[in-house]
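A.B. asks: My structure is below; once you've seen it, I'll send some questions.
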Amino acid sequence: MLNLILFGPPGAGKGTQSEKLIQKYGFVHISTGDLFRWHTKNDTPLGKRVKEIMNSGSLVPDEITIDMLQEEVSKNPNAGGFLFDGFPRTVPQAEALDAFMKKNGTSIHHVIALDVSEAELRARIAKRKLESNRADDEEDKLNKRVAEYFGKTIHVLPHYEKQGRLKTVNGIGDIEVIFSNVCGLLDKKG
Ligand code: AMP
């Protein structure tokens, strides 16, 4: 089993790289952002709880997010590996994920962080705003999401660095080059 966390700020290219990684390695893809969007779109009780929070660009409380994540992992008992995208975003989420994986007799094998400067992120998300109708790509919400990343999520990196699992890939440049660098890390033996 090979479990990977793809880490990076909003707009870093996690979605694009995830698609390519799933195709190549057959990961079960768990994107907490996609799951929350599914719940809000389908107006489920969970969707009703998180809609306002998401639209404001804030993080959903840890307890709600961790419960949803664990439920999703449990739905895939035969998975060959998971790709976590957009999770964990806080240190308590990372700790909960470690404990949960351990309970299931496995662990996180790789944490790959896509490194993209704040200026590049803002330019990319402004472009994405023109192409999508995600309510949280509006400027004030975007500012909030970037602030949540640099205020809370970035602190997850030392957690995995201490475990010796963190690898960083330059997230600026050609998509195929970035992909090949990510694959190089995953394929490296030992
Ligand atoms: P994303 O598509 O990953 O950027 O997520 C969109 C939104 O969903 C975020 O701005 C948060 O409101 C919420 N969200 C997604 N993943 C998490 C998480 N791990 N912890 C808290 N909130 C999350």
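Every chain in the structure tokens has a letter given in the order shown (A, B, ...), and although residue numbers restart at 1 in each chain, ligands are simply numbered from 1 in the order shown.
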Taking only stretch 1-189 of chain A into account, list the residues labelled helix (DSSP H, G or I) by DSSP (computed from the backbone), as an MDAnalysis selection string.
C.D. replies: chainID A and resid 14:25 32:41 45:56 62:74 91:103 118:131 135:137 139:151 153:162 175:187
A.B. asks: Where does DSSP see strand (DSSP E) in stretch 41-189 of chain A, if you list the residues as JSON, numbers by chain?
C.D. replies: {"A": [82, 83, 84, 85, 110, 111, 112, 113, 114, 115, 166, 167, 168, 169, 170]}
A.B. asks: Between A:Lys102, A:Leu4, A:Ala96, A:Thr90, which is the closest to A:Leu185 once you count only C-alpha atoms?
C.D. replies: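 Selected residue with least distance to A:Leu185: A:Leu4.
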A.B. asks: Dump the neighbourhood of ligand 1 as a PDB file with C-alpha atoms, in the first residue's frame: all residues within 8 Å, distances computed on only C-alpha atoms and all ligand atoms.
C.D. replies:
ATOM      1  CA  PRO A  10      -4.952  26.905  -3.045  1.00  0.00           C
ATOM      2  CA  GLY A  11      -4.052  27.203  -6.715  1.00  0.00           C
ATOM      3  CA  SER A  31     -10.196  15.467  -1.810  1.00  0.00           C
ATOM      4  CA  THR A  32     -11.933  16.992   1.202  1.00  0.00           C
ATOM      5  CA  GLY A  33     -12.712  20.116  -0.869  1.00  0.00           C
ATOM      6  CA  ASP A  34     -14.479  17.986  -3.525  1.00  0.00           C
ATOM      7  CA  LEU A  35     -16.350  16.069  -0.831  1.00  0.00           C
ATOM      8  CA  PHE A  36     -17.536  19.252   0.862  1.00  0.00           C
ATOM      9  CA  ARG A  37     -18.593  20.673  -2.527  1.00  0.00           C
ATOM     10  CA  VAL A  50     -20.417  23.812   5.987  1.00  0.00           C
ATOM     11  CA  ILE A  53     -17.936  28.438   6.161  1.00  0.00           C
ATOM     12  CA  MET A  54     -16.719  27.321   2.753  1.00  0.00           C
ATOM     13  CA  ASN A  55     -18.138  30.324   0.958  1.00  0.00           C
ATOM     14  CA  SER A  56     -16.295  32.616   3.342  1.00  0.00           C
ATOM     15  CA  GLY A  57     -12.993  30.897   2.526  1.00  0.00           C
ATOM     16  CA  SER A  58     -12.483  29.698   6.117  1.00  0.00           C
ATOM     17  CA  LEU A  59     -11.540  26.190   7.124  1.00  0.00           C
ATOM     18  CA  VAL A  60     -14.274  23.805   8.205  1.00  0.00           C
ATOM     19  CA  PRO A  61     -13.792  22.756  11.875  1.00  0.00           C
ATOM     20  CA  ASP A  62     -11.400  19.845  12.367  1.00  0.00           C
ATOM     21  CA  THR A  65     -13.496  17.321   8.464  1.00  0.00           C
ATOM     22  CA  ILE A  66     -11.797  14.408  10.228  1.00  0.00           C
ATOM     23  CA  ASP A  85      -5.637  16.149  -1.533  1.00  0.00           C
ATOM     24  CA  GLY A  86      -6.473  19.183   0.602  1.00  0.00           C
ATOM     25  CA  PHE A  87      -6.157  17.166   3.805  1.00  0.00           C
ATOM     26  CA  PRO A  88      -4.634  17.529   6.376  1.00  0.00           C
ATOM     27  CA  ARG A  89      -4.813  21.299   6.615  1.00  0.00           C
ATOM     28  CA  THR A  90      -4.175  21.703  10.341  1.00  0.00           C
ATOM     29  CA  GLN A  93      -5.927  16.884  11.290  1.00  0.00           C
ATOM     30  CA  ASP A 136     -14.769  30.818  -3.082  1.00  0.00           C
ATOM     31  CA  ARG A 145      -8.131  31.046   1.812  1.00  0.00           C
TER      32      ARG A 145
END
A.B. asks: Could you name the residues that touch A:Asn3 at 6 Å or less, counting only C-alpha atoms, but leaving out those on the same chain fewer than 6 positions away, as an MDAnalysis selection string?
C.D. replies: chainID A and resid 81:82 108:109
A.B. asks: Dump N, CA and C atoms for the selected residues as a PDB file, in the first residue's frame?
C.D. replies:
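selection-v2.pdb, freshly written:
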ATOM      1  N   GLY A  81      -3.992   2.186  -2.327  1.00  0.00           N
ATOM      2  CA  GLY A  81      -3.325   3.363  -1.790  1.00  0.00           C
ATOM      3  C   GLY A  81      -4.238   4.572  -1.895  1.00  0.00           C
ATOM      4  N   PHE A  82      -4.019   5.527  -1.011  1.00  0.00           N
ATOM      5  CA  PHE A  82      -4.847   6.741  -1.020  1.00  0.00           C
ATOM      6  C   PHE A  82      -4.006   7.954  -1.393  1.00  0.00           C
ATOM      7  N   ILE A 108       1.255   7.040   6.331  1.00  0.00           N
ATOM      8  CA  ILE A 108       1.473   7.936   5.195  1.00  0.00           C
ATOM      9  C   ILE A 108       2.919   7.709   4.735  1.00  0.00           C
ATOM     10  N   HIS A 109       3.091   7.377   3.473  1.00  0.00           N
ATOM     11  CA  HIS A 109       4.441   7.073   2.989  1.00  0.00           C
ATOM     12  C   HIS A 109       5.157   8.297   2.422  1.00  0.00           C
TER      13      HIS A 109
END
A.B. asks: Neighbours of A:Ala113 within 6 Å (only C-alpha atoms; same-chain residues fewer than 5 positions away dropped), as a list in words?
C.D. replies: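 The contact residues come out as Phe7, Gly8 and Thr168 of chain A.
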A.B. asks: Print the selection's residues with C-alpha atoms to a file, as a PDB file, in the first residue's frame.
C.D. replies:
ATOM      1  CA  PHE A   7       0.226  19.316  -0.194  1.00  0.00           C
ATOM      2  CA  GLY A   8       0.143  22.923  -1.299  1.00  0.00           C
ATOM      3  CA  THR A 168       9.170  19.523  -1.945  1.00  0.00           C
TER       4      THR A 168
END
A.B. asks: So that I can see what lies close to A:Leu121, please list as a PyMOL selection string the residues with an atom at most 8 Å from it, counting only C-alpha atoms and leaving out residues fewer than 3 positions away in the same chain.
C.D. replies: chain A and resi 9-12+116-118+124-125
A.B. asks: Write out as a ChimeraX atom specification each polymer residue whose atoms come within 9 Å of stretch 18-26 of chain A, counting only C-alpha atoms; drop sequence neighbours fewer than 6 positions from it.
C.D. replies: /A:6,79-85,179,182-183
A.B. asks: Keeping C-alpha atoms for every residue in the selection just given, could you write it to a file as a PDB file, in the first residue's frame?
C.D. replies:
ATOM      1  CA  LEU A   6      -0.312  16.069  -1.989  1.00  0.00           C
ATOM      2  CA  ALA A  79      -7.735   0.415  -1.833  1.00  0.00           C
ATOM      3  CA  GLY A  80      -4.168  -0.118  -3.012  1.00  0.00           C
ATOM      4  CA  GLY A  81      -3.325   3.363  -1.790  1.00  0.00           C
ATOM      5  CA  PHE A  82      -4.847   6.741  -1.020  1.00  0.00           C
ATOM      6  CA  LEU A  83      -4.028  10.137  -2.398  1.00  0.00           C
ATOM      7  CA  PHE A  84      -5.061  12.795   0.113  1.00  0.00           C
ATOM      8  CA  ASP A  85      -5.637  16.149  -1.533  1.00  0.00           C
ATOM      9  CA  PHE A 179       4.445  15.539 -12.784  1.00  0.00           C
ATOM     10  CA  VAL A 182       6.580  14.021  -8.420  1.00  0.00           C
ATOM     11  CA  CYS A 183       6.722  10.546 -10.001  1.00  0.00           C
TER      12      CYS A 183
END
